[in-house]
Amino acid sequence: MTARELMAIPHGNADHRITYGSDSSEYGELRVPAGKGPHPLVILIHGGCWRADFATAASIGAMADALKADGIATWSIEYRRLHEPGGGWPGTYRDVGRAVDYVRTLAAPYNLDLARVIVAGHSAGGHLAMWAAARSRLPKGSTLYWAAPLPLRGVVDLSGTPDMASDVFGMTRVCGDTVVQAMVGDMPDVVPDRYAQVSAIRLLPLGIPQALIWGARDDQVPLLVAERYARVARQAGDHVRLVVDSTVGHFETASPRSRTWPLVLSATRWLLDGTLAP
């Protein structure tokens, strides 16, 4: 499956498009299942090399629709990306943090269950999802520090790097641009403190369960990146499940039409409810 094929999967419109900031890219698409609730919620973060010209929140609309059909509300967030004013360091990360915390504002009017909220992302969005799960570990002196980030029940990483320093040149090859350097501000040896603030592997232990779902044939974010993270996170005391589909590559992990989808749904239910573990 290619990126174009993933984004071409048909999907319905969101129930609500809601702004969480003043910039045109600071909004989210909310889908709420039928019934009174309170509804469990997945905060979804799309990928696309962190670039404004590659993807939008609508690109994971099919995934959001599938979760809604299974009785799970979704908040698919948009954020300032590279080639937009304010994108990259620190704006992209601040947007993600604000969008996650905005769930507190959404909870009452849309009957969302704040005790059952997880974050999930694909590719570049997987990196941001892992960072969102790790940001409670940021030191007070960090530019990205929040005093009271929204508590999350877990995180699902679909083929997204948890270590921005691990494959700087590989991501340049994949994205056709020096995206990691643009996101963080320079190379790891120049701004090591920034890499430490945006990489989940440098903020361990996260203190919440984590599900990493990868295709063994992923040629964009290699499986060994996930294997290394899982090993280090477990050594730090975190509960990490690495689920590998031997038959797929990078994009199938975010497709509700792929054979990987039952694994994604099972991991989501495991984190939200402690059931249907993969």
# chains A, B, ... in the order shown; residues from 1 in each chain; ligands from 1
>>> residues_around(residues="segment 157-170 of chain A", least_positions_apart="6", cutoff="9 Å", atoms="only C-alpha atoms", output="ChimeraX atom specification")
/A:47,119-131,178-181,184,187-188,192,195-196,198-202,210-215,218,220-223,225-226,229,250-251,253-254,264
>>> residues_around(residues="Leu271 of chain A", least_positions_apart="6", cutoff="8 Å", atoms="only C-alpha atoms", output="number ranges by chain")
A: 118, 153-155, 209-210
>>> closest_residue(among="A:Asp53, A:Asp65, A:Asp23, A:Asp101", to="Gly86 of chain A", atoms="only C-alpha atoms")
A:Asp23
>>> select_by_dssp(residues="segment 87-219 of chain A", states="strand (DSSP E or B)", output="JSON, numbers by chain")
{"A": [112, 113, 114, 115, 116, 117, 118, 119, 120, 121, 122, 154, 155, 156, 157, 158, 210, 211, 212, 213, 214, 215]}
>>> closest_residue(among="A:Arg137, A:His46, A:Met63, A:Leu224", to="Ser258 of chain A", atoms="only C-alpha atoms")
A:Met63
>>> residues_around(residues="Tyr20 of chain A", least_positions_apart="4", cutoff="9 Å", atoms="only C-alpha atoms", output="PyMOL selection string")
chain A and resi 26-28+95+98-99+102
>>> residues_around(residues="Gly12 of chain A", least_positions_apart="4", cutoff="12 Å", atoms="only C-alpha atoms", output="ChimeraX atom specification")
/A:16,29-31,58-66,68-69
>>> atom_distance(atom1="atom CA of Leu41 of chain A", atom2="atom CA of Ala132 of chain A")
14.9 Å
>>> residues_around(residues="Asn111 of chain A", least_positions_apart="5", cutoff="9 Å", atoms="only C-alpha atoms", output="ChimeraX atom specification")
/A:32,36-39,106
>>> closest_residue(among="A:Ala14, A:Cys49, A:Leu265, A:Val42", to="Gly176 of chain A", atoms="only C-alpha atoms")
A:Cys49
>>> closest_residue(among="A:Val244, A:Ala108, A:Val156, A:Val96", to="Ala267 of chain A", atoms="only C-alpha atoms")
A:Val156
>>> closest_residue(among="A:Val103, A:Ile43, A:Leu203, A:Ile77", to="Arg17 of chain A", atoms="only C-alpha atoms")
A:Ile77
>>> decode(residues="segment 209-222 of chain A", atoms="N, CA and C atoms", output="PDB file, in the first residue's frame")
ATOM      1  N   PRO A 209       0.672   2.174  29.564  1.00  0.00           N
ATOM      2  CA  PRO A 209       0.873   1.099  28.592  1.00  0.00           C
ATOM      3  C   PRO A 209       1.013   1.639  27.165  1.00  0.00           C
ATOM      4  N   GLN A 210       1.797   0.944  26.385  1.00  0.00           N
ATOM      5  CA  GLN A 210       2.075   1.367  25.018  1.00  0.00           C
ATOM      6  C   GLN A 210       1.954   0.183  24.070  1.00  0.00           C
ATOM      7  N   ALA A 211       1.298   0.410  22.936  1.00  0.00           N
ATOM      8  CA  ALA A 211       1.199  -0.610  21.885  1.00  0.00           C
ATOM      9  C   ALA A 211       1.870  -0.065  20.630  1.00  0.00           C
ATOM     10  N   LEU A 212       2.873  -0.774  20.146  1.00  0.00           N
ATOM     11  CA  LEU A 212       3.570  -0.419  18.925  1.00  0.00           C
ATOM     12  C   LEU A 212       3.186  -1.438  17.861  1.00  0.00           C
ATOM     13  N   ILE A 213       2.620  -0.967  16.757  1.00  0.00           N
ATOM     14  CA  ILE A 213       2.163  -1.877  15.704  1.00  0.00           C
ATOM     15  C   ILE A 213       2.931  -1.553  14.437  1.00  0.00           C
ATOM     16  N   TRP A 214       3.636  -2.548  13.939  1.00  0.00           N
ATOM     17  CA  TRP A 214       4.580  -2.346  12.840  1.00  0.00           C
ATOM     18  C   TRP A 214       4.389  -3.406  11.761  1.00  0.00           C
ATOM     19  N   GLY A 215       4.715  -3.025  10.538  1.00  0.00           N
ATOM     20  CA  GLY A 215       4.839  -3.990   9.454  1.00  0.00           C
ATOM     21  C   GLY A 215       6.291  -4.417   9.319  1.00  0.00           C
ATOM     22  N   ALA A 216       6.516  -5.720   9.223  1.00  0.00           N
ATOM     23  CA  ALA A 216       7.891  -6.204   9.099  1.00  0.00           C
ATOM     24  C   ALA A 216       8.543  -5.724   7.806  1.00  0.00           C
ATOM     25  N   ARG A 217       7.722  -5.349   6.829  1.00  0.00           N
ATOM     26  CA  ARG A 217       8.239  -4.890   5.543  1.00  0.00           C
ATOM     27  C   ARG A 217       8.314  -3.371   5.449  1.00  0.00           C
ATOM     28  N   ASP A 218       8.234  -2.703   6.586  1.00  0.00           N
ATOM     29  CA  ASP A 218       8.289  -1.240   6.611  1.00  0.00           C
ATOM     30  C   ASP A 218       9.676  -0.776   6.143  1.00  0.00           C
ATOM     31  N   ASP A 219       9.715  -0.049   5.034  1.00  0.00           N
ATOM     32  CA  ASP A 219      10.987   0.461   4.515  1.00  0.00           C
ATOM     33  C   ASP A 219      11.149   1.955   4.787  1.00  0.00           C
ATOM     34  N   GLN A 220      10.278   2.526   5.628  1.00  0.00           N
ATOM     35  CA  GLN A 220      10.356   3.947   5.939  1.00  0.00           C
ATOM     36  C   GLN A 220      10.784   4.192   7.380  1.00  0.00           C
ATOM     37  N   VAL A 221      10.145   3.508   8.309  1.00  0.00           N
ATOM     38  CA  VAL A 221      10.594   3.514   9.705  1.00  0.00           C
ATOM     39  C   VAL A 221      10.839   2.053  10.063  1.00  0.00           C
ATOM     40  N   PRO A 222      12.074   1.593   9.950  1.00  0.00           N
ATOM     41  CA  PRO A 222      12.366   0.154  10.065  1.00  0.00           C
ATOM     42  C   PRO A 222      11.938  -0.442  11.398  1.00  0.00           C
TER      43      PRO A 222
END
